[in-house]
>>> print(open('query.csv').read())   # CSV, C-alpha atoms
chain,number,residue,atom,x,y,z
A,304,MET,CA,-41.0,26.2,-7.7
A,305,PRO,CA,-42.8,29.6,-8.0
A,306,VAL,CA,-44.9,30.1,-11.2
A,307,VAL,CA,-45.4,33.3,-13.2
A,308,THR,CA,-47.8,34.4,-15.8
A,309,ARG,CA,-46.6,35.6,-19.2
A,310,ASN,CA,-47.9,39.2,-18.5
A,311,ARG,CA,-46.3,39.4,-15.1
A,312,LEU,CA,-43.1,37.9,-16.4
A,313,ALA,CA,-42.7,40.5,-19.1
A,314,ARG,CA,-44.0,43.5,-17.0
A,315,THR,CA,-42.0,42.9,-13.8
A,316,ALA,CA,-39.0,40.8,-14.6
A,317,VAL,CA,-37.5,43.1,-17.2
A,318,VAL,CA,-35.9,46.4,-16.8
A,319,LEU,CA,-36.5,48.5,-20.0
A,320,LEU,CA,-33.5,48.8,-22.2
A,321,ALA,CA,-32.0,52.3,-22.6
A,322,ILE,CA,-32.7,53.6,-26.1
A,323,GLY,CA,-30.1,55.2,-28.3
A,324,THR,CA,-27.1,54.4,-26.2
A,325,THR,CA,-23.8,54.3,-28.2
A,326,GLY,CA,-20.4,52.8,-27.7
A,327,CYS,CA,-21.8,49.6,-26.1
A,328,ARG,CA,-20.2,46.3,-26.7
A,329,LYS,CA,-22.3,43.7,-28.4
A,330,SER,CA,-22.4,40.1,-27.2
A,331,SER,CA,-21.7,37.3,-29.6
A,332,PHE,CA,-25.4,36.5,-29.4
A,333,GLU,CA,-26.6,39.7,-31.1
A,334,GLN,CA,-27.2,40.6,-34.7
A,335,ASP,CA,-28.0,44.0,-36.2
A,336,PHE,CA,-31.7,44.6,-36.7
A,337,SER,CA,-32.9,45.0,-40.2
A,338,VAL,CA,-36.6,45.5,-41.2
A,339,ALA,CA,-36.1,43.4,-44.3
A,340,GLU,CA,-34.2,40.6,-42.6
A,341,TRP,CA,-36.7,40.6,-39.6
A,342,ARG,CA,-39.6,40.0,-42.0
A,343,THR,CA,-38.1,36.8,-43.4
A,344,ALA,CA,-36.1,35.7,-40.4
A,345,LYS,CA,-36.7,32.5,-38.5
A,346,PRO,CA,-37.5,32.9,-34.8
A,347,ARG,CA,-34.0,32.1,-33.7
A,348,GLU,CA,-32.6,34.7,-36.1
A,349,ARG,CA,-35.2,37.2,-34.7
A,350,ALA,CA,-33.9,36.5,-31.2
A,351,ARG,CA,-30.5,37.6,-32.3
A,352,MET,CA,-31.9,40.9,-33.6
A,353,ALA,CA,-34.3,41.8,-30.8
A,354,THR,CA,-31.9,43.4,-28.4
A,355,ASP,CA,-30.4,45.6,-31.2
A,356,PHE,CA,-34.0,46.6,-32.3
A,357,LEU,CA,-34.9,47.8,-28.8
A,358,ARG,CA,-31.6,49.6,-28.5
A,359,THR,CA,-31.8,51.5,-31.8
A,360,HIS,CA,-35.5,52.2,-32.0
A,361,ASP,CA,-37.5,54.3,-29.6
A,362,VAL,CA,-40.6,52.1,-29.6
A,363,ILE,CA,-42.2,53.6,-26.4
A,364,GLY,CA,-45.1,55.7,-27.6
A,365,MET,CA,-45.3,54.2,-31.1
A,366,SER,CA,-48.8,53.5,-32.5
A,367,GLU,CA,-49.8,49.9,-33.4
A,368,ALA,CA,-49.4,50.9,-37.1
A,369,GLU,CA,-45.9,52.3,-36.6
A,370,LEU,CA,-44.8,49.2,-34.8
A,371,LYS,CA,-46.2,46.9,-37.6
A,372,GLN,CA,-44.2,48.9,-40.2
A,373,LEU,CA,-41.1,47.8,-38.4
A,374,LEU,CA,-41.9,44.3,-37.1
A,375,GLY,CA,-44.9,43.2,-39.2
A,376,GLU,CA,-47.8,41.3,-37.9
A,377,PRO,CA,-47.3,39.8,-34.4
A,378,THR,CA,-47.3,36.1,-33.8
A,379,ASN,CA,-50.1,36.6,-31.3
A,380,GLU,CA,-52.3,39.7,-30.8
A,381,SER,CA,-54.4,39.9,-27.7
A,382,ASP,CA,-54.0,42.1,-24.6
A,383,SER,CA,-50.3,42.2,-25.5
A,384,TRP,CA,-48.6,41.4,-28.8
A,385,THR,CA,-45.9,38.8,-29.0
A,386,TYR,CA,-43.3,38.1,-31.6
A,387,ASP,CA,-41.9,34.5,-31.5
A,388,LEU,CA,-38.2,34.3,-30.8
A,389,SER,CA,-38.1,30.6,-30.4
A,390,GLU,CA,-38.3,27.5,-32.6
A,391,ASN,CA,-40.1,25.9,-29.7
A,392,GLY,CA,-43.0,28.3,-30.3
A,393,PRO,CA,-44.9,30.3,-27.7
A,394,PRO,CA,-45.0,29.1,-24.0
A,395,PRO,CA,-48.0,27.1,-22.9
A,396,ALA,CA,-51.0,29.2,-21.7
A,397,GLY,CA,-51.4,29.9,-18.0
A,398,PRO,CA,-49.0,30.1,-15.1
A,399,GLN,CA,-45.7,28.2,-15.8
A,400,PRO,CA,-42.3,27.8,-14.0
A,401,SER,CA,-39.9,30.4,-15.3
A,402,GLN,CA,-37.8,27.6,-16.8
A,403,VAL,CA,-40.6,27.1,-19.3
A,404,PHE,CA,-40.4,30.7,-20.4
A,405,MET,CA,-36.7,30.3,-20.9
A,406,LYS,CA,-37.4,27.6,-23.6
A,407,HIS,CA,-40.0,29.8,-25.3
A,408,PRO,CA,-38.5,33.4,-25.6
A,409,GLN,CA,-40.9,36.0,-27.0
A,410,LEU,CA,-40.7,39.7,-27.7
A,411,TYR,CA,-43.6,41.1,-25.6
A,412,VAL,CA,-45.2,44.5,-26.5
A,413,PHE,CA,-47.8,46.1,-24.2
A,414,PHE,CA,-50.0,49.1,-25.2
A,415,LYS,CA,-51.6,51.9,-23.2
A,416,GLN,CA,-54.2,54.0,-25.0
A,417,GLY,CA,-53.1,52.6,-28.4
A,418,ARG,CA,-49.4,53.4,-27.8
A,419,VAL,CA,-46.5,51.1,-26.9
A,420,SER,CA,-45.9,51.3,-23.1
A,421,ILE,CA,-43.6,48.3,-22.7
A,422,ALA,CA,-41.5,46.3,-25.0
A,423,SER,CA,-39.4,43.5,-23.5
A,424,PRO,CA,-37.7,40.3,-24.6
A,425,THR,CA,-38.0,37.4,-22.2
A,426,TYR,CA,-34.4,36.5,-22.5
A,427,MET,CA,-33.7,39.7,-20.4
A,428,LEU,CA,-35.1,38.1,-17.3
A,429,GLU,CA,-33.8,39.1,-14.0
A,430,LEU,CA,-31.6,36.5,-12.3
A,431,ARG,CA,-33.9,34.6,-9.9
A,432,ASP,CA,-33.3,31.9,-7.3
A,433,ASP,CA,-36.1,29.8,-8.8
A,434,VAL,CA,-34.3,29.3,-12.1
A,435,VAL,CA,-32.4,26.0,-11.4
A,436,PHE,CA,-29.3,25.2,-13.3
A,437,ASP,CA,-29.9,22.5,-15.9
A,438,PRO,CA,-27.1,21.5,-18.3
A,439,ARG,CA,-29.6,20.6,-21.0
A,440,PHE,CA,-30.3,24.4,-21.5
A,441,TRP,CA,-26.6,25.5,-21.4
A,442,ALA,CA,-26.0,25.5,-25.2
A,443,PRO,CA,-24.1,28.5,-26.6
A,444,ARG,CA,-26.1,31.7,-27.1
A,445,THR,CA,-29.2,30.4,-25.3
A,446,PRO,CA,-31.1,32.9,-23.1
A,447,ALA,CA,-31.3,30.4,-20.3
A,448,ARG,CA,-27.6,30.8,-19.4
A,449,LEU,CA,-27.9,34.2,-17.7
A,450,ALA,CA,-30.9,33.1,-15.7
A,451,MET,CA,-29.3,29.9,-14.4
A,452,VAL,CA,-25.9,31.2,-13.6
A,453,TYR,CA,-26.7,32.3,-10.0
A,454,ASP,CA,-27.9,28.9,-9.1
A,455,LEU,CA,-24.8,27.4,-10.7
A,456,LEU,CA,-22.6,29.6,-8.5
A,457,ASN,CA,-24.7,29.6,-5.3
A,458,ARG,CA,-24.7,25.8,-5.1
A,459,ARG,CA,-20.9,25.7,-6.0
A,460,LEU,CA,-21.7,23.0,-8.5
A,461,LEU,CA,-18.3,23.3,-10.3
A,462,ILE,CA,-16.0,23.9,-7.3
A,463,SER,CA,-13.3,21.2,-7.2
A,464,LEU,CA,-14.2,19.7,-10.5
A,465,ASP,CA,-11.3,19.3,-12.9
A,466,LYS,CA,-11.2,20.8,-16.4
A,467,PRO,CA,-12.5,17.7,-18.3
A,468,GLN,CA,-15.4,17.5,-15.9
A,469,VAL,CA,-16.3,21.1,-16.4
A,470,LEU,CA,-16.1,20.7,-20.2
A,471,ARG,CA,-18.4,17.7,-20.1
A,472,LEU,CA,-21.0,19.7,-18.1
A,473,LEU,CA,-20.7,23.1,-19.8
A,474,GLY,CA,-19.1,22.3,-23.1
A,475,PRO,CA,-16.1,24.2,-24.5
A,476,PRO,CA,-15.5,27.8,-23.4
A,477,ASP,CA,-16.6,30.7,-25.6
A,478,GLN,CA,-13.5,32.8,-25.2
A,479,LYS,CA,-9.8,32.2,-25.3
A,480,THR,CA,-8.3,33.0,-21.9
A,481,GLU,CA,-5.3,32.3,-19.8
A,482,ALA,CA,-4.4,28.6,-19.2
A,483,ARG,CA,-6.1,28.4,-15.8
A,484,THR,CA,-9.4,30.1,-16.7
A,485,LEU,CA,-12.5,29.1,-18.5
A,486,SER,CA,-15.0,31.8,-19.8
A,487,TYR,CA,-18.5,31.4,-21.0
A,488,ASP,CA,-20.7,34.1,-22.6
A,489,LEU,CA,-24.0,34.6,-20.8
A,490,GLY,CA,-25.5,37.2,-23.2
A,491,MET,CA,-26.6,40.7,-22.3
A,492,ARG,CA,-27.9,42.2,-19.0
A,493,MET,CA,-29.2,45.7,-19.7
A,494,LEU,CA,-26.7,46.9,-22.2
A,495,ASP,CA,-23.7,45.1,-20.9
A,496,GLY,CA,-22.3,41.8,-22.0
A,497,VAL,CA,-22.0,39.2,-19.2
A,498,THR,CA,-19.3,36.5,-18.8
A,499,LEU,CA,-18.9,33.6,-16.4
A,500,THR,CA,-15.3,32.9,-15.7
A,501,PHE,CA,-13.9,30.0,-13.7
A,502,THR,CA,-10.4,30.1,-12.2
A,503,MET,CA,-8.5,26.8,-11.7
A,504,ASP,CA,-5.6,25.8,-9.5
A,505,SER,CA,-2.3,24.2,-10.4
A,506,VAL,CA,-3.9,20.8,-11.0
A,507,ASN,CA,-6.7,22.3,-13.1
A,508,ARG,CA,-9.5,22.1,-10.5
A,509,VAL,CA,-12.0,24.9,-10.2
A,510,THR,CA,-11.5,27.1,-7.2
A,511,ARG,CA,-13.7,30.1,-8.0
A,512,GLY,CA,-16.4,31.3,-10.4
A,513,ARG,CA,-17.2,35.0,-11.1
A,514,ILE,CA,-19.7,36.9,-13.1
A,515,LEU,CA,-18.1,39.8,-15.1
A,516,GLU,CA,-20.1,42.6,-16.8
A,517,HIS,CA,-18.4,44.6,-19.5
>>> encode(input="query.csv", output="structure tokens")
Amino acid sequence: MPVVTRNRLARTAVVLLAIGTTGCRKSSFEQDFSVAEWRTAKPRERARMATDFLRTHDVIGMSEAELKQLLGEPTNESDSWTYDLSENGPPPAGPQPSQVFMKHPQLYVFFKQGRVSIASPTYMLELRDDVVFDPRFWAPRTPARLAMVYDLLNRRLLISLDKPQVLRLLGPPDQKTEARTLSYDLGMRMLDGVTLTFTMDSVNRVTRGRILEH
């Protein structure tokens, strides 16, 4: 499996979020950003606020002092700043498989001449072929879902499984849908919510899986 460094992961695998966009639907994973709540929040709670923070605050060009007024002291301060979004703590140092970064999401901030040049959460990773589906990381509202879904579909892992088998593998669906469909929230890609929907036949066996952005 290919490996990536933390800097390369945050610099190249994330497309910057559009700032100030309105009228976008939030995923069930998100929570409104609040300076006061961020300061006292646990990493998992910060993960729920990070996307809203990047959407509503034009951080590009901010000075270090201005960013600290909003987010406080970073978890780690070196060539880049990181704010921990995971109860698992930061990822191990050095090159790691992308699966490892899924388990240790961080908000990365890079500076150029003392001003923010990039701010990106690792849970906005591009979908990559090297992120292999693993049911252990499929819990609701986890960032790994979006990264693993292409592998899940490309290998047709659920095709022909019946509904009880799907539920044992993926758990209960996140949305109420028609009788012959199962839908799972995958989080956000750019500013769109993403859903994985499976269609079943008359005997409740999966015939197709689709990714829907809304």
>>> atom_distance(input="query.csv", atom1="CA of Ser420 (chain A)", atom2="CA of Leu373 (chain A)")
16.4 Å
>>> residues_around(input="query.csv", residues="region 460-472 of chain A", least_positions_apart="4", cutoff="6 Å", atoms="all atoms listed in the file", output="MDAnalysis selection string")
chainID A and resid 455 507:510
>>> residues_around(input="query.csv", residues="Glu367 (chain A)", least_positions_apart="3", cutoff="9 Å", atoms="all atoms listed in the file", output="VMD selection string")
chain A and resid 370 to 372 414 417 to 419
>>> closest_atom_pairs(input="query.csv", of="region 431-506 of chain A", to="region 404-412 of chain A", cutoff="9 Å", atoms="all atoms listed in the file", output="tab-separated table")
residue	atom	partner	partner_atom	distance
A:Phe440	CA	A:Lys406	CA	8.1
A:Thr445	CA	A:Met405	CA	8.7
A:Pro446	CA	A:Met405	CA	6.6
A:Ala447	CA	A:Met405	CA	5.4
A:Ala450	CA	A:Met405	CA	8.3
>>> closest_residue(input="query.csv", among="A:Tyr453, A:Trp441, A:Phe336, A:Trp341", to="Pro476 (chain A)", atoms="all atoms listed in the file")
A:Trp441
>>> atom_distance(input="query.csv", atom1="CA of Thr500 (chain A)", atom2="CA of Thr484 (chain A)")
6.6 Å
>>> atom_distance(input="query.csv", atom1="CA of Phe501 (chain A)", atom2="CA of Leu485 (chain A)")
5.1 Å
>>> residues_near_point(input="query.csv", point="(-37.9, 35.1, -28.5)", cutoff="8 Å", atoms="only C-alpha atoms", output="mmCIF file with C-alpha atoms, in the frame of the given file")
data_model
loop_
_atom_site.group_PDB
_atom_site.id
_atom_site.type_symbol
_atom_site.label_atom_id
_atom_site.label_comp_id
_atom_site.auth_asym_id
_atom_site.auth_seq_id
_atom_site.Cartn_x
_atom_site.Cartn_y
_atom_site.Cartn_z
ATOM 1 C CA PRO A 346 -37.500 32.900 -34.800
ATOM 2 C CA ARG A 347 -34.000 32.100 -33.700
ATOM 3 C CA ARG A 349 -35.200 37.200 -34.700
ATOM 4 C CA ALA A 350 -33.900 36.500 -31.200
ATOM 5 C CA ALA A 353 -34.300 41.800 -30.800
ATOM 6 C CA TYR A 386 -43.300 38.100 -31.600
ATOM 7 C CA ASP A 387 -41.900 34.500 -31.500
ATOM 8 C CA LEU A 388 -38.200 34.300 -30.800
ATOM 9 C CA SER A 389 -38.100 30.600 -30.400
ATOM 10 C CA HIS A 407 -40.000 29.800 -25.300
ATOM 11 C CA PRO A 408 -38.500 33.400 -25.600
ATOM 12 C CA GLN A 409 -40.900 36.000 -27.000
ATOM 13 C CA LEU A 410 -40.700 39.700 -27.700
ATOM 14 C CA PRO A 424 -37.700 40.300 -24.600
ATOM 15 C CA THR A 425 -38.000 37.400 -22.200
ATOM 16 C CA TYR A 426 -34.400 36.500 -22.500
#
>>> closest_residue(input="query.csv", among="A:Asp335, A:Leu374, A:Thr385, A:Arg483", to="Ile421 (chain A)", atoms="all atoms listed in the file")
A:Thr385
>>> closest_residue(input="query.csv", among="A:Ser505, A:Arg444, A:Gly496, A:Leu515", to="Asp477 (chain A)", atoms="all atoms listed in the file")
A:Arg444
>>> closest_residue(input="query.csv", among="A:Thr502, A:Glu380, A:Asn391, A:Phe356", to="Glu481 (chain A)", atoms="only C-alpha atoms")
A:Thr502
